[in-house]
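> Below is one structure. I have some questions about it.
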Amino acid sequence: MTDKQKRFADEYLIDLNGTRAYKVAYPRVKSDAAASVNASRMLRIAKVKTYIDEQLEKMHNEKTADAQEVMEYLTAVMRGETESSVLSLCGDGCQEILEKPPDEKERLKAAELLGKRYSLFTDKVEHGGDIGGVVIVNDIPKTDTG
């Protein structure tokens with residue numbers, strides 16, 4: 001991959017705007033239309049595409065919680081193992097920050113979300129319609145075709 005292709009890919013990763021990225025990597029191009037067409041071509045080059053995909057995967061892994069992390073967090077909240085900072089007024093304009101475990105409402109919400117994930121709750125559904133059998137009616141007239 002060339003230096004300009006890498007520059008294009010790095011710029012593209014900022015906001016996924018190919019036209020802008022191309023104009024930064026290739027400053028002689030002034031037309032948005034030309035930059036857009038060339039950016040599309042650039043994104044089809046195997047080395048550029050692979051580099052961008054690798055960088056996006058790294059960004060995703062570092063910034064996005066996976067299912068296990070979410071489940072572990074909800075479990076810790078439900079069990080009261082986490083703490084949060086709360087601003088407390090202590091009179092005469094005095095304020096202090098207290099660390100407190102989750103209250104009952106927060107723990108209940110975490111338990112509810114975990115229960116939903118594991119399908120522990122079923123909603124009662126009433127059906128008032130007739131659940132009769134299916135009837136097929138053959139009402140297409142027969143024709144003589146000859």
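Chain identifiers are assigned as A, B, and so on, following the order in which chains appear in the structure tokens; residues are numbered from 1 within each chain, and ligands are numbered from 1 in order of appearance.
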I'd like the contact shell of A:Thr2 - 10 Å cut-off, only C-alpha atoms, skipping same-chain residues fewer than 5 positions apart - returned as a list in words.

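Listing them by chain and then by number gives Arg7, Phe8, Lys47 and Val48 of chain A.
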
> Go ahead and write the residues just picked, C-alpha atoms, as a PDB file, in the first residue's frame.


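The file below, selection12.pdb, is the result:
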ATOM      1  CA  ARG A   7      -3.246   8.485   4.292  1.00  0.00           C
ATOM      2  CA  PHE A   8      -6.580   8.083   2.488  1.00  0.00           C
ATOM      3  CA  LYS A  47      -4.865  -3.752   0.436  1.00  0.00           C
ATOM      4  CA  VAL A  48      -6.734  -0.549   1.303  1.00  0.00           C
TER       5      VAL A  48
END

> Can you tell me, as an mmCIF file with C-alpha atoms, in the first residue's frame, what residues are no more than 12 Å from stretch 77-93 of chain A when counting only C-alpha atoms, ignoring any on the same chain fewer than 5 positions away?


data_model
loop_
_atom_site.group_PDB
_atom_site.id
_atom_site.type_symbol
_atom_site.label_atom_id
_atom_site.label_comp_id
_atom_site.auth_asym_id
_atom_site.auth_seq_id
_atom_site.Cartn_x
_atom_site.Cartn_y
_atom_site.Cartn_z
ATOM 1 C CA VAL A 70 -22.772 -6.601 29.688
ATOM 2 C CA MET A 71 -23.952 -9.752 31.455
ATOM 3 C CA GLU A 72 -21.097 -9.550 33.991
ATOM 4 C CA LEU A 98 -20.201 9.466 48.518
ATOM 5 C CA GLU A 99 -19.581 6.028 47.074
ATOM 6 C CA LYS A 100 -22.679 3.862 47.431
ATOM 7 C CA PRO A 101 -23.734 0.411 46.294
ATOM 8 C CA PRO A 102 -26.736 0.113 43.962
ATOM 9 C CA ASP A 103 -30.068 0.639 45.661
ATOM 10 C CA GLU A 104 -32.931 -1.859 45.542
ATOM 11 C CA LYS A 105 -34.487 -0.265 42.455
ATOM 12 C CA GLU A 106 -31.224 -0.488 40.480
ATOM 13 C CA ARG A 107 -30.664 -4.077 41.561
ATOM 14 C CA LEU A 108 -34.217 -5.012 40.603
ATOM 15 C CA LYS A 109 -33.769 -3.464 37.132
ATOM 16 C CA ALA A 110 -30.529 -5.423 36.601
ATOM 17 C CA ALA A 111 -32.295 -8.629 37.690
ATOM 18 C CA GLU A 112 -35.170 -7.874 35.318
ATOM 19 C CA LEU A 113 -32.787 -7.373 32.374
ATOM 20 C CA LEU A 114 -30.951 -10.600 33.197
ATOM 21 C CA GLY A 115 -34.267 -12.443 33.528
#

> For the structure I just gave you, how does DSSP split stretch 83-118 of chain A - specifically, which residues are helix (DSSP H, G or I)? Reply as an MDAnalysis selection string.

chainID A and resid 104:117

> Near A:Lys23, counting only C-alpha atoms, which residues have an atom at most 9 Å away, once you skip same-chain residues fewer than 4 positions from it, shown as a list of chain:residue names?

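Near neighbours after the sequence-gap exclusion: A:Phe8, A:Gly18, A:Thr19, A:Pro27, A:Arg28, A:Val29, A:Lys30, A:Ser31, A:Asp32, A:Ala35, A:Ala39.
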
> Write out as a PyMOL selection string the residues lying within 12 Å of A:Ile52, counting only C-alpha atoms and excluding same-chain residues fewer than 2 positions away.

chain A and resi 1+5-14+16+18+42-50+54-59

> Could you write out that same residue set with C-alpha atoms as a CSV table (one decimal), in the first residue's frame?


chain,number,residue,atom,x,y,z
A,1,MET,CA,0.0,0.0,0.0
A,5,GLN,CA,-3.4,5.1,0.1
A,6,LYS,CA,-2.6,4.8,3.8
A,7,ARG,CA,-3.2,8.5,4.3
A,8,PHE,CA,-6.6,8.1,2.5
A,9,ALA,CA,-7.5,5.1,4.6
A,10,ASP,CA,-6.5,6.8,7.9
A,11,GLU,CA,-8.6,9.9,6.9
A,12,TYR,CA,-11.5,7.7,5.9
A,13,LEU,CA,-11.5,6.0,9.3
A,14,ILE,CA,-12.2,9.4,11.0
A,16,LEU,CA,-16.1,7.3,6.8
A,18,GLY,CA,-14.5,8.9,1.2
A,42,MET,CA,-9.8,3.4,-3.7
A,43,LEU,CA,-12.1,1.5,-1.4
A,44,ARG,CA,-12.2,-1.5,-3.8
A,45,ILE,CA,-8.4,-1.9,-3.7
A,46,ALA,CA,-7.7,-5.1,-1.7
A,47,LYS,CA,-4.9,-3.8,0.4
A,48,VAL,CA,-6.7,-0.5,1.3
A,49,LYS,CA,-9.9,-2.4,2.1
A,50,THR,CA,-8.1,-4.9,4.3
A,54,GLU,CA,-8.5,-4.3,10.4
A,55,GLN,CA,-8.5,-0.8,11.9
A,56,LEU,CA,-12.3,-0.8,12.2
A,57,GLU,CA,-12.1,-4.2,14.0
A,58,LYS,CA,-9.5,-2.8,16.4
A,59,MET,CA,-11.7,0.2,17.1

> Could you tell me which of A:Asp53, A:Ala25, A:Ala65, A:Tyr118 comes closest to A:Asp3 if we count only C-alpha atoms?

A:Ala25
